[in-house]
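Text of the file model.cif, holding mmCIF, C-alpha atoms:
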```cif
data_structure
#
loop_
_atom_site.label_atom_id
_atom_site.label_comp_id
_atom_site.auth_asym_id
_atom_site.auth_seq_id
_atom_site.Cartn_x
_atom_site.Cartn_y
_atom_site.Cartn_z
CA MET A 1 -71.50 86.15 -108.13
CA TRP A 2 -75.17 87.05 -108.29
CA MET A 3 -76.69 85.35 -111.35
CA SER A 4 -79.95 84.44 -112.96
CA VAL A 5 -80.51 81.32 -115.01
CA GLU A 6 -83.54 79.60 -116.43
CA VAL A 7 -83.54 75.88 -115.71
CA ASN A 8 -86.30 73.68 -117.12
CA GLY A 9 -88.52 76.73 -117.56
CA HIS A 10 -88.06 78.11 -114.01
CA LEU A 11 -86.05 81.28 -113.40
CA TYR A 12 -83.55 81.05 -110.55
CA GLU A 13 -81.79 84.13 -109.18
CA ARG A 14 -79.15 83.60 -106.56
CA GLU A 15 -75.57 83.97 -105.36
CA VAL A 16 -73.33 81.26 -106.85
CA ALA A 17 -69.70 80.48 -105.98
CA GLU A 18 -67.53 81.45 -108.92
CA HIS A 19 -65.52 78.21 -108.92
CA TRP A 20 -68.59 75.95 -109.00
CA THR A 21 -69.30 74.06 -112.18
CA LEU A 22 -72.76 74.11 -113.73
CA LEU A 23 -72.98 70.42 -112.81
CA ARG A 24 -72.38 71.09 -109.12
CA PHE A 25 -74.87 74.00 -109.18
CA LEU A 26 -77.58 71.81 -110.74
CA ARG A 27 -77.03 68.91 -108.36
CA GLU A 28 -76.14 70.58 -105.05
CA ASP A 29 -77.95 73.91 -105.19
CA LEU A 30 -81.02 73.16 -107.31
CA GLU A 31 -81.05 69.49 -106.21
CA LEU A 32 -81.62 68.33 -109.77
CA THR A 33 -79.74 65.09 -109.32
CA GLY A 34 -80.87 63.42 -112.55
CA THR A 35 -77.72 64.81 -114.20
CA LYS A 36 -74.83 62.59 -113.12
CA ASP A 37 -71.18 63.26 -112.31
CA GLY A 38 -69.01 60.56 -113.87
CA CYS A 39 -65.46 61.70 -114.67
CA SER A 40 -65.60 65.50 -114.15
CA ALA A 41 -63.25 65.78 -117.12
CA GLY A 42 -65.39 65.78 -120.25
CA GLU A 43 -64.72 62.13 -121.06
CA CYS A 44 -67.88 60.26 -120.05
CA GLY A 45 -70.84 62.51 -120.95
CA ALA A 46 -72.94 61.49 -117.91
CA CYS A 47 -73.40 65.21 -117.11
CA THR A 48 -74.64 66.23 -120.58
CA VAL A 49 -77.33 68.94 -120.44
CA MET A 50 -78.71 71.44 -122.93
CA LEU A 51 -77.27 74.97 -122.57
CA ASN A 52 -79.09 77.50 -124.75
CA GLY A 53 -80.36 74.55 -126.80
CA GLU A 54 -76.98 72.86 -127.35
CA ALA A 55 -75.67 69.73 -125.64
CA VAL A 56 -72.69 70.44 -123.35
CA ASN A 57 -70.81 68.67 -120.57
CA ALA A 58 -72.06 70.43 -117.41
CA CYS A 59 -68.75 69.55 -115.69
CA MET A 60 -66.91 71.65 -118.30
CA VAL A 61 -68.94 74.83 -117.77
CA LEU A 62 -68.74 77.18 -114.79
CA ALA A 63 -72.13 77.87 -113.24
CA VAL A 64 -71.52 81.62 -113.63
CA GLU A 65 -71.02 81.12 -117.38
CA ALA A 66 -74.71 80.20 -117.48
CA ASP A 67 -75.70 83.65 -116.20
CA GLY A 68 -78.59 84.76 -118.43
CA ALA A 69 -78.76 81.39 -120.18
CA SER A 70 -81.40 78.71 -120.42
CA VAL A 71 -80.61 75.16 -119.30
CA GLU A 72 -82.56 71.97 -119.78
CA THR A 73 -81.86 68.76 -117.90
CA ILE A 74 -83.21 65.24 -117.92
CA GLU A 75 -85.85 66.38 -115.38
CA ALA A 76 -87.59 68.30 -118.20
CA GLU A 77 -87.64 65.36 -120.59
CA ALA A 78 -90.86 63.74 -119.31
CA VAL A 79 -93.86 66.08 -119.28
CA ASP A 80 -96.60 65.55 -116.66
CA GLY A 81 -95.34 62.04 -116.00
CA GLU A 82 -95.39 61.10 -119.71
CA LEU A 83 -92.05 59.86 -120.98
CA SER A 84 -90.63 61.55 -124.10
CA ALA A 85 -90.37 59.56 -127.34
CA ILE A 86 -86.64 59.06 -126.69
CA GLN A 87 -87.23 57.80 -123.15
CA GLU A 88 -89.99 55.47 -124.38
CA ALA A 89 -87.63 54.06 -127.00
CA PHE A 90 -84.88 53.54 -124.39
CA ALA A 91 -87.31 51.64 -122.15
CA ARG A 92 -88.78 49.57 -124.99
CA ASN A 93 -85.34 48.49 -126.27
CA PHE A 94 -83.74 47.72 -122.88
CA ALA A 95 -81.23 50.54 -123.45
CA VAL A 96 -80.97 51.15 -119.71
CA GLN A 97 -79.15 48.82 -117.34
CA CYS A 98 -77.60 50.54 -114.33
CA GLY A 99 -78.93 53.85 -115.64
CA TYR A 100 -75.97 56.04 -114.70
CA CYS A 101 -75.24 57.11 -118.29
CA THR A 102 -78.88 57.36 -119.32
CA ALA A 103 -79.61 61.00 -118.52
CA GLY A 104 -76.60 62.17 -120.52
CA MET A 105 -77.27 59.64 -123.27
CA VAL A 106 -80.85 60.92 -123.70
CA MET A 107 -79.58 64.52 -123.93
CA SER A 108 -77.04 63.58 -126.63
CA VAL A 109 -79.67 61.65 -128.56
CA ARG A 110 -81.98 64.65 -128.38
CA GLU A 111 -79.22 66.84 -129.85
CA LEU A 112 -78.50 64.26 -132.57
CA LEU A 113 -82.14 63.90 -133.64
CA ARG A 114 -82.60 67.67 -133.66
CA HIS A 115 -79.82 67.99 -136.26
CA ASN A 116 -80.52 64.73 -138.05
CA PRO A 117 -84.01 63.15 -137.63
CA LYS A 118 -83.04 59.92 -139.46
CA PRO A 119 -79.44 59.10 -138.51
CA THR A 120 -77.63 56.07 -139.87
CA VAL A 121 -75.97 53.64 -137.45
CA ALA A 122 -72.60 55.32 -138.15
CA GLN A 123 -74.11 58.74 -137.43
CA ILE A 124 -75.68 57.45 -134.21
CA LYS A 125 -72.28 56.16 -133.09
CA ASP A 126 -70.74 59.58 -133.82
CA GLY A 127 -73.61 61.30 -132.00
CA ILE A 128 -73.09 59.32 -128.78
CA GLU A 129 -69.30 59.12 -128.98
CA GLY A 130 -69.04 61.48 -126.01
CA ASN A 131 -71.18 59.26 -123.77
CA LEU A 132 -69.74 56.15 -122.14
CA CYS A 133 -71.97 53.21 -121.18
CA ARG A 134 -70.34 50.31 -119.31
CA CYS A 135 -73.40 48.02 -119.19
CA THR A 136 -75.19 47.70 -122.51
CA GLY A 137 -72.33 47.51 -124.97
CA TYR A 138 -74.23 50.26 -126.85
CA GLN A 139 -76.22 47.89 -129.08
CA GLN A 140 -79.53 48.46 -127.28
CA ILE A 141 -78.90 52.20 -127.17
CA ILE A 142 -78.30 52.30 -130.92
CA GLU A 143 -81.48 50.26 -131.40
CA ALA A 144 -83.37 52.70 -129.19
CA VAL A 145 -82.20 55.64 -131.33
CA LEU A 146 -83.22 53.79 -134.51
CA ASP A 147 -86.59 53.15 -132.84
CA ALA A 148 -87.02 56.77 -131.71
CA SER A 149 -86.32 57.89 -135.28
CA GLY A 150 -88.74 55.36 -136.79
CA GLN A 151 -86.04 53.22 -138.37
CA LEU A 152 -85.96 50.04 -136.29
CA THR A 153 -86.88 47.04 -138.43
CA ALA A 154 -86.02 43.35 -138.32
CA GLU A 155 -83.24 44.11 -140.82
CA THR A 156 -81.63 47.05 -139.04
CA LYS A 157 -81.83 45.08 -135.81
CA GLY A 158 -80.02 42.18 -137.52
CA GLU A 159 -77.34 44.46 -138.92
CA LEU A 160 -76.46 45.63 -135.46
CA ARG A 161 -75.04 42.26 -134.47
CA TYR A 162 -72.03 43.13 -136.55
CA VAL A 163 -71.41 46.73 -135.45
CA MET B 1 -64.06 71.59 -108.52
CA ASN B 2 -62.86 72.86 -105.14
CA GLU B 3 -60.07 75.18 -106.25
CA ILE B 4 -61.13 78.72 -105.48
CA PHE B 5 -60.59 81.54 -107.94
CA ARG B 6 -62.25 84.83 -108.79
CA TYR B 7 -64.11 85.33 -112.06
CA ARG B 8 -64.56 88.24 -114.42
CA ALA B 9 -66.43 88.48 -117.70
CA PRO B 10 -65.29 91.68 -119.45
CA THR B 11 -67.56 92.99 -122.20
CA SER B 12 -64.96 94.85 -124.25
CA ARG B 13 -61.53 94.14 -125.70
CA ALA B 14 -60.04 97.15 -123.88
CA GLU B 15 -61.36 95.94 -120.51
CA LEU B 16 -59.98 92.47 -121.15
CA LEU B 17 -56.52 93.74 -122.12
CA SER B 18 -56.31 95.89 -118.99
CA LEU B 19 -57.31 92.91 -116.80
CA LEU B 20 -54.45 90.91 -118.36
CA VAL B 21 -52.00 93.71 -117.51
CA ALA B 22 -53.30 94.01 -113.95
CA HIS B 23 -53.23 90.29 -113.16
CA GLY B 24 -50.43 88.95 -115.37
CA GLU B 25 -49.46 85.35 -114.62
CA GLY B 26 -52.24 85.05 -112.02
CA ALA B 27 -54.94 85.27 -114.65
CA LYS B 28 -56.13 82.59 -117.06
CA VAL B 29 -58.49 83.25 -119.93
CA LEU B 30 -61.51 81.01 -120.36
CA ALA B 31 -63.02 80.41 -123.78
CA GLY B 32 -64.45 76.89 -124.22
CA GLY B 33 -63.06 75.75 -120.87
CA THR B 34 -62.56 72.19 -122.04
CA ASP B 35 -58.80 72.30 -121.33
CA LEU B 36 -58.64 75.00 -118.63
CA LEU B 37 -61.26 73.56 -116.28
CA VAL B 38 -59.65 70.10 -116.44
CA ASP B 39 -56.22 71.60 -115.75
CA ILE B 40 -57.57 73.57 -112.78
CA ARG B 41 -59.31 70.50 -111.40
CA ASN B 42 -56.11 68.48 -111.73
CA GLY B 43 -54.09 71.21 -110.01
CA LEU B 44 -51.92 71.81 -113.09
CA VAL B 45 -52.79 75.51 -113.08
CA ARG B 46 -53.93 77.57 -110.09
CA PRO B 47 -55.22 80.90 -111.38
CA GLU B 48 -56.32 83.56 -108.92
CA LEU B 49 -58.55 85.01 -111.63
CA VAL B 50 -60.42 83.34 -114.48
CA ILE B 51 -61.39 85.74 -117.27
CA ASN B 52 -64.28 84.61 -119.47
CA LEU B 53 -63.80 85.87 -123.04
CA LYS B 54 -67.26 85.00 -124.27
CA LYS B 55 -68.88 88.35 -123.44
CA VAL B 56 -66.42 90.23 -125.67
CA GLU B 57 -68.53 90.55 -128.80
CA GLU B 58 -65.74 91.26 -131.28
CA PHE B 59 -64.05 87.96 -130.30
CA ALA B 60 -66.94 85.88 -131.64
CA GLY B 61 -66.32 86.70 -135.30
CA LEU B 62 -65.93 84.02 -137.97
CA SER B 63 -65.71 85.47 -141.46
CA TRP B 64 -64.20 85.03 -144.88
CA SER B 65 -63.22 87.61 -147.48
CA GLN B 66 -61.02 87.61 -150.58
CA SER B 67 -58.65 90.11 -148.97
CA ASP B 68 -58.38 88.71 -145.44
CA GLY B 69 -59.09 85.01 -146.01
CA LEU B 70 -60.67 83.07 -143.15
CA VAL B 71 -60.62 84.94 -139.82
CA ILE B 72 -61.39 82.88 -136.72
CA GLY B 73 -62.04 84.77 -133.47
CA PRO B 74 -61.02 83.37 -130.08
CA THR B 75 -64.50 82.32 -128.94
CA VAL B 76 -65.54 80.57 -132.16
CA THR B 77 -66.37 76.98 -131.26
CA VAL B 78 -65.27 73.95 -133.26
CA ASN B 79 -68.90 73.24 -134.19
CA GLN B 80 -69.37 76.84 -135.39
CA LEU B 81 -66.34 76.37 -137.67
CA LEU B 82 -67.83 73.09 -138.94
CA ALA B 83 -71.17 74.80 -139.70
CA HIS B 84 -69.60 77.68 -141.70
CA ALA B 85 -70.50 77.44 -145.41
CA LYS B 86 -67.16 78.80 -146.70
CA VAL B 87 -65.19 76.43 -144.46
CA GLN B 88 -67.22 73.50 -145.79
CA SER B 89 -66.76 74.51 -149.43
CA SER B 90 -63.18 75.80 -149.45
CA TYR B 91 -61.29 74.48 -146.41
CA PRO B 92 -62.25 70.78 -146.29
CA LEU B 93 -58.97 69.98 -144.53
CA LEU B 94 -60.08 72.08 -141.55
CA VAL B 95 -63.35 70.12 -141.49
CA ASP B 96 -61.32 66.88 -141.41
CA CYS B 97 -59.28 68.13 -138.46
CA ALA B 98 -62.22 69.61 -136.54
CA LEU B 99 -64.34 66.47 -136.78
CA THR B 100 -61.66 64.44 -135.02
CA ILE B 101 -61.68 66.66 -131.91
CA ALA B 102 -63.28 64.99 -128.88
CA SER B 103 -67.07 64.51 -128.98
CA HIS B 104 -70.03 66.49 -130.28
CA GLN B 105 -70.90 68.07 -126.94
CA LEU B 106 -67.28 69.06 -126.32
CA ARG B 107 -67.10 70.60 -129.81
CA ASN B 108 -70.12 72.73 -128.82
CA ARG B 109 -67.85 74.41 -126.22
CA ALA B 110 -64.23 73.86 -127.33
CA THR B 111 -62.82 76.67 -129.46
CA VAL B 112 -60.54 76.51 -132.51
CA VAL B 113 -58.23 79.16 -131.08
CA GLY B 114 -58.15 77.37 -127.73
CA ASN B 115 -57.01 74.17 -129.44
CA ILE B 116 -53.99 76.15 -130.69
CA ALA B 117 -53.46 78.36 -127.60
CA HIS B 118 -53.33 75.31 -125.29
CA ALA B 119 -50.36 74.14 -127.40
CA SER B 120 -50.86 70.45 -126.79
CA PRO B 121 -48.46 68.41 -128.97
CA GLY B 122 -51.58 66.54 -130.11
CA ALA B 123 -53.70 69.55 -131.11
CA ASP B 124 -55.88 68.26 -133.95
CA MET B 125 -56.39 71.65 -135.62
CA ALA B 126 -52.64 72.25 -135.84
CA PRO B 127 -51.58 69.97 -138.75
CA GLY B 128 -54.29 71.41 -141.01
CA LEU B 129 -53.76 75.03 -140.01
CA LEU B 130 -49.97 74.66 -140.35
CA CYS B 131 -50.23 73.17 -143.86
CA LEU B 132 -52.59 75.97 -144.93
CA GLY B 133 -50.18 78.71 -143.79
CA ALA B 134 -52.33 79.99 -140.91
CA ARG B 135 -51.20 83.07 -139.01
CA VAL B 136 -51.75 84.09 -135.39
CA VAL B 137 -52.85 87.64 -134.54
CA ILE B 138 -51.84 88.56 -130.98
CA ALA B 139 -53.14 91.56 -129.02
CA SER B 140 -52.09 93.30 -125.84
CA GLN B 141 -52.21 96.84 -124.47
CA ARG B 142 -48.78 97.30 -126.06
CA GLY B 143 -50.29 96.77 -129.51
CA GLN B 144 -50.91 94.03 -132.04
CA ARG B 145 -48.45 91.60 -133.60
CA GLU B 146 -48.82 88.79 -136.06
CA LEU B 147 -46.74 85.70 -136.80
CA PRO B 148 -46.98 82.45 -138.75
CA LEU B 149 -48.52 79.62 -136.71
CA LYS B 150 -45.33 77.57 -137.21
CA ASP B 151 -43.46 80.13 -135.07
CA PHE B 152 -46.11 80.21 -132.32
CA PHE B 153 -45.36 76.96 -130.45
CA THR B 154 -42.21 76.81 -128.31
CA GLY B 155 -42.67 73.56 -126.37
CA VAL B 156 -45.17 71.24 -124.72
CA LYS B 157 -48.05 73.58 -123.75
CA ARG B 158 -45.66 76.52 -124.29
CA THR B 159 -46.05 79.37 -126.75
CA VAL B 160 -44.66 82.82 -127.54
CA LEU B 161 -47.63 84.46 -125.74
CA ALA B 162 -46.62 86.83 -122.92
CA PRO B 163 -48.88 86.98 -119.82
CA ASP B 164 -50.47 90.24 -121.00
CA GLU B 165 -51.18 88.90 -124.50
CA ILE B 166 -54.08 87.06 -126.08
CA ILE B 167 -54.73 85.51 -129.47
CA GLU B 168 -57.18 87.85 -131.14
CA ALA B 169 -57.60 85.75 -134.28
CA ILE B 170 -56.22 82.90 -136.34
CA THR B 171 -56.26 83.67 -140.04
CA VAL B 172 -56.03 81.29 -142.98
CA PRO B 173 -54.97 82.89 -146.27
CA THR B 174 -57.15 82.94 -149.36
CA ALA B 175 -54.37 81.17 -151.30
CA ALA B 176 -54.98 78.08 -149.14
CA VAL B 177 -58.34 77.55 -150.83
CA ALA B 178 -56.46 75.91 -153.72
CA ALA B 179 -54.75 73.35 -151.47
CA ARG B 180 -55.84 69.71 -151.80
CA GLY B 181 -55.27 67.39 -148.88
CA SER B 182 -56.66 65.61 -145.86
CA TYR B 183 -55.96 64.76 -142.22
CA SER B 184 -55.57 61.26 -140.79
CA LYS B 185 -55.67 60.71 -137.04
CA LEU B 186 -54.64 57.43 -135.47
CA LYS B 187 -56.57 56.55 -132.30
CA ARG B 188 -56.80 53.52 -130.00
CA ILE B 189 -60.57 53.34 -130.42
CA ASP B 190 -63.13 54.43 -132.98
CA GLY B 191 -64.66 57.01 -130.62
CA HIS B 192 -63.41 60.04 -128.70
CA ASP B 193 -59.62 59.73 -128.11
CA LEU B 194 -56.40 61.72 -128.32
CA ALA B 195 -54.17 61.19 -131.34
CA LEU B 196 -51.41 58.59 -131.30
CA VAL B 197 -50.25 60.54 -134.35
CA GLY B 198 -52.06 62.94 -136.66
CA VAL B 199 -50.84 63.76 -140.17
CA ALA B 200 -52.05 66.26 -142.77
CA VAL B 201 -50.54 66.53 -146.27
CA THR B 202 -51.48 69.25 -148.77
CA ASN B 203 -50.60 70.00 -152.37
CA ASN B 204 -51.08 73.61 -153.43
CA ASP B 205 -50.21 73.91 -157.13
CA GLY B 206 -47.24 71.58 -156.78
CA ALA B 207 -46.02 72.83 -153.39
CA VAL B 208 -46.42 70.08 -150.79
CA SER B 209 -46.66 70.65 -147.02
CA VAL B 210 -46.83 68.09 -144.22
CA GLY B 211 -48.25 68.87 -140.76
CA ILE B 212 -47.86 66.37 -137.91
CA SER B 213 -49.24 66.25 -134.36
CA SER B 214 -48.42 64.02 -131.38
CA ALA B 215 -44.94 63.18 -132.66
CA ALA B 216 -42.79 65.97 -131.18
CA PRO B 217 -42.98 68.48 -128.28
CA THR B 218 -44.98 70.74 -130.60
CA PRO B 219 -47.00 70.17 -133.76
CA VAL B 220 -44.55 70.33 -136.69
CA LEU B 221 -44.66 71.65 -140.25
CA ILE B 222 -42.48 70.44 -143.12
CA GLU B 223 -42.43 72.85 -146.06
CA GLY B 224 -40.50 73.18 -149.30
CA LEU B 225 -41.53 69.80 -150.74
CA THR B 226 -42.98 69.34 -154.21
CA ASP B 227 -45.35 66.84 -155.77
CA GLU B 228 -42.47 65.63 -157.99
CA ASP B 229 -40.34 64.55 -155.03
CA PRO B 230 -40.00 60.80 -154.55
CA ALA B 231 -42.29 59.56 -151.74
CA ASP B 232 -39.21 58.22 -149.93
CA SER B 233 -37.70 61.68 -149.63
CA VAL B 234 -40.99 63.17 -148.34
CA VAL B 235 -41.13 60.41 -145.72
CA ALA B 236 -37.47 61.02 -144.82
CA ALA B 237 -38.11 64.75 -144.37
CA ALA B 238 -41.03 63.96 -142.04
CA GLN B 239 -38.91 61.47 -140.05
CA ARG B 240 -36.18 64.10 -139.58
CA ALA B 241 -38.73 66.64 -138.28
CA ILE B 242 -40.35 64.51 -135.57
CA HIS B 243 -39.09 63.51 -132.11
CA PRO B 244 -41.75 61.18 -130.70
CA ILE B 245 -41.78 59.72 -127.20
CA SER B 246 -43.23 56.53 -125.73
CA ASP B 247 -46.20 57.17 -123.44
CA LEU B 248 -49.29 55.41 -122.14
CA ARG B 249 -50.93 55.60 -125.56
CA CYS B 250 -48.18 53.96 -127.63
CA SER B 251 -44.45 53.56 -128.18
CA LYS B 252 -42.00 55.86 -129.91
CA ASP B 253 -41.30 53.17 -132.54
CA TYR B 254 -44.98 52.78 -133.36
CA ARG B 255 -45.37 56.55 -133.75
CA GLU B 256 -42.38 56.68 -136.13
CA TYR B 257 -43.76 53.78 -138.12
CA MET B 258 -47.28 55.24 -138.40
CA VAL B 259 -46.00 58.69 -139.37
CA GLU B 260 -44.25 56.97 -142.28
CA VAL B 261 -47.41 55.05 -143.23
CA TYR B 262 -49.64 58.13 -143.11
CA VAL B 263 -47.22 60.52 -144.82
CA ARG B 264 -46.67 58.06 -147.66
CA ARG B 265 -50.39 57.34 -148.05
CA LEU B 266 -51.56 60.96 -147.91
CA PHE B 267 -48.72 62.14 -150.22
CA GLU B 268 -49.70 59.53 -152.84
CA GLU B 269 -53.30 60.77 -152.58
CA VAL B 270 -52.45 64.41 -153.35
CA ARG B 271 -49.52 64.15 -155.77
#
```

Rewrite the coordinates I just gave you, this time as structure tokens.
Amino acid sequence: MWMSVEVNGHLYEREVAEHWTLLRFLREDLELTGTKDGCSAGECGACTVMLNGEAVNACMVLAVEADGASVETIEAEAVDGELSAIQEAFARNFAVQCGYCTAGMVMSVRELLRHNPKPTVAQIKDGIEGNLCRCTGYQQIIEAVLDASGQLTAETKGELRYV
Amino acid sequence: MNEIFRYRAPTSRAELLSLLVAHGEGAKVLAGGTDLLVDIRNGLVRPELVINLKKVEEFAGLSWSQSDGLVIGPTVTVNQLLAHAKVQSSYPLLVDCALTIASHQLRNRATVVGNIAHASPGADMAPGLLCLGARVVIASQRGQRELPLKDFFTGVKRTVLAPDEIIEAITVPTAAVAARGSYSKLKRIDGHDLALVGVAVTNNDGAVSVGISSAAPTPVLIEGLTDEDPADSVVAAAQRAIHPISDLRCSKDYREYMVEVYVRRLFEEVR
């Protein structure tokens, strides 16, 4: 099907196979490989992108469903080589190990902070419940979100040992 | 996904209903896609045509009125339901159920009607909607029909829907606003997981209902109980209504035990 979609501010118009997912379109057609394919079943969240401003699993959306929509991926997160506040916080708090989950994690955190600029630890855990990380054990990621929302103190960091 | 199918996105109800007649069993409707696309990928369904419902404007309605109660259209997402002021103020049980579905980004796509239409035994919206007396409005070119949700499910992922039919709305009556109750979902982990069992219990002016998921081939409803019944008899009624199996998530015995625990606990909370 012939479709047009805005991705990271650029308009793309092209023929897209109707059975392709948005994830496959982003990675294989547009070569935006920052978005990762983990489970292809909506379990792991590695493919999370923003579709019309809302976080979605790109493996659970057909590319043609994005006809006329706007999509943002991890590639739009840093601007002119400057990391976003969320990316800075991830780096500062060692919230990245192998990095496979990171793109999706950052997208989910962006969605969380948009709805709730000062989330509690419980709300952060709910916000990233759709994103699996097999390296960090989540503690550093939760600390990074506290940091990005201006809430990381010696006390909140101490509390996290028991979450 | 390598399975090839054709795709249509009708923009009117009439166009959609005629596509369903023309393609019958070969067509599958796509709303949130969070069940359908997984089933296609796993080869469980092989549609020749996928029909996206999201361009049909009248299907996106979510409204409440004294006369019609809550009316949920087939493309209303779980997060749209959660954000609705009347749902938050008057149907807290539906909020309970909706918040247990998958993860935030899946709830941005997954639809309330899809959770019912997919007819999973573990549908999290089902116990709440069953207890609140929800009804299913079904449309086809032959006309419209309506039935109580409790008569909609016929088996595991099976319903009364004919190939040319679609759920046009799920409605929740105004009388359900008076119901007190909550939903408890047992999971293996704190995060995103399917229910081992899910139990809702409501008390509406003395009339008690119990809705249970993941403990029988379909979600089940137990009606005709009162808040003066002994807890043991409410538990016994629930035990008679369920037929759990052992699977990779837990054993039949554990499901029976936890249904008892939850029914007793939630009944004591609302009596």

**Request:** Figure out the distance between atom CA of B:Glu146 and atom CA of B:Asp227, please, to one decimal in Å.
**Result:**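 Distance reported for this atom pair: 29.7 Å.
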
**Message:** On this structure, the PyMOL selection byres ((chain B and resi 160-165) around 8) would catch which residues? List them as a PyMOL selection string, sorted by chain and number.
**Reply:** chain B and resi 17+20-21+24-25+138-141+152-154+158-159+166-167

**Item:** Check: which chain A residues lie within 9 Å of chain B using all atoms listed in the file, as a PyMOL selection string
**Value:** chain A and resi 1+17-21+24+40-43+45+48+54-57+59-62+64-65+108+111+125-131

For C-alpha atoms, I'd like the residues from the last selection saved as a PDB file, in the coordinates of the input.
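So again_30.pdb came out as:
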```pdb
ATOM      1  CA  MET A   1     -71.500  86.150-108.130  1.00  0.00           C
ATOM      2  CA  ALA A  17     -69.700  80.480-105.980  1.00  0.00           C
ATOM      3  CA  GLU A  18     -67.530  81.450-108.920  1.00  0.00           C
ATOM      4  CA  HIS A  19     -65.520  78.210-108.920  1.00  0.00           C
ATOM      5  CA  TRP A  20     -68.590  75.950-109.000  1.00  0.00           C
ATOM      6  CA  THR A  21     -69.300  74.060-112.180  1.00  0.00           C
ATOM      7  CA  ARG A  24     -72.380  71.090-109.120  1.00  0.00           C
ATOM      8  CA  SER A  40     -65.600  65.500-114.150  1.00  0.00           C
ATOM      9  CA  ALA A  41     -63.250  65.780-117.120  1.00  0.00           C
ATOM     10  CA  GLY A  42     -65.390  65.780-120.250  1.00  0.00           C
ATOM     11  CA  GLU A  43     -64.720  62.130-121.060  1.00  0.00           C
ATOM     12  CA  GLY A  45     -70.840  62.510-120.950  1.00  0.00           C
ATOM     13  CA  THR A  48     -74.640  66.230-120.580  1.00  0.00           C
ATOM     14  CA  GLU A  54     -76.980  72.860-127.350  1.00  0.00           C
ATOM     15  CA  ALA A  55     -75.670  69.730-125.640  1.00  0.00           C
ATOM     16  CA  VAL A  56     -72.690  70.440-123.350  1.00  0.00           C
ATOM     17  CA  ASN A  57     -70.810  68.670-120.570  1.00  0.00           C
ATOM     18  CA  CYS A  59     -68.750  69.550-115.690  1.00  0.00           C
ATOM     19  CA  MET A  60     -66.910  71.650-118.300  1.00  0.00           C
ATOM     20  CA  VAL A  61     -68.940  74.830-117.770  1.00  0.00           C
ATOM     21  CA  LEU A  62     -68.740  77.180-114.790  1.00  0.00           C
ATOM     22  CA  VAL A  64     -71.520  81.620-113.630  1.00  0.00           C
ATOM     23  CA  GLU A  65     -71.020  81.120-117.380  1.00  0.00           C
ATOM     24  CA  SER A 108     -77.040  63.580-126.630  1.00  0.00           C
ATOM     25  CA  GLU A 111     -79.220  66.840-129.850  1.00  0.00           C
ATOM     26  CA  LYS A 125     -72.280  56.160-133.090  1.00  0.00           C
ATOM     27  CA  ASP A 126     -70.740  59.580-133.820  1.00  0.00           C
ATOM     28  CA  GLY A 127     -73.610  61.300-132.000  1.00  0.00           C
ATOM     29  CA  ILE A 128     -73.090  59.320-128.780  1.00  0.00           C
ATOM     30  CA  GLU A 129     -69.300  59.120-128.980  1.00  0.00           C
ATOM     31  CA  GLY A 130     -69.040  61.480-126.010  1.00  0.00           C
ATOM     32  CA  ASN A 131     -71.180  59.260-123.770  1.00  0.00           C
TER      33      ASN A 131
END
```

**Request:** Specify as a list of chain:residue names each residue included when the PyMOL selection byres ((chain A and resi 70-72) around 9) is applied to this file.
**Result:**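 On this input, the PyMOL selection byres ((chain A and resi 70-72) around 9) captures A:Val5, A:Glu6, A:Val7, A:Asn8, A:Gly9, A:Leu11, A:Val49, A:Met50, A:Leu51, A:Asn52, A:Gly53, A:Ala66, A:Asp67, A:Gly68, A:Ala69, A:Thr73, A:Ile74, A:Glu75, A:Ala76, A:Glu77.
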
**Asked** Expanded to explicit residues, what is the PyMOL selection byres ((chain A and resi 15) around 8) for this file, as a PyMOL selection string?
**Response** chain A and resi 1-3+13-14+16-17

**Request:** Kindly give the distance, in Å, that separates atom CA of A:Leu32 and atom CA of B:Asn79, rounded to a single decimal.
**Result:**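 Result for atom CA of A:Leu32 versus atom CA of B:Asn79: 28.0 Å, one decimal.
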
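Shell of B:Ala119 at 12 Å, with only C-alpha atoms counted and residues fewer than 5 places along the chain excluded, is Asp35, Val112, Val113, Gly114, Asp124, Met125, Ala126, Leu149, Lys150, Asp151, Phe152, Phe153, Thr154, Gly155, Val156, Lys157, Arg158, Thr159, Val160, Leu161, Ser213, Ser214, Ala216, Pro217, Thr218, Pro219 and Val220 of chain B.
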
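The two atoms in question, atom CA of A:Leu23 and atom CA of A:Tyr100, are spaced 14.8 Å apart.
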
**Item:** All residues 6 Å or closer to stretch 94-97 of chain A, only C-alpha atoms, same chain fewer than 2 positions away omitted, as number ranges by chain
**Value:** A: 90-92, 99, 140-141

**Item:** All residues 12 Å or closer to B:Leu248, all atoms listed in the file, same chain fewer than 2 positions away omitted, as a PyMOL selection string
**Value:** chain B and resi 188+194-196+245-246+250-252

**Message:** Residues within 10 Å of stretch 57-73 of chain B, please, as a PyMOL selection string. Count all atoms listed in the file; anything in the same chain fewer than 2 positions from it doesn't count.
**Reply:** chain B and resi 10-13+53-55+75-77+80-81+84-87+90-91+111-113+134-137+167-177

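Among the candidates A:Asn116, A:Lys157, A:Ala148, A:Ala46, the residue lying nearest to A:Arg134 is A:Ala46 (atoms considered: all atoms listed in the file).
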
**Prompt:** Any idea what's packed within 7 Å of B:Leu93, counting all atoms listed in the file, ignoring anything in its chain fewer than 6 positions away? Could you give it as a PyMOL selection string?
**Reply:** chain B and resi 128+181-183
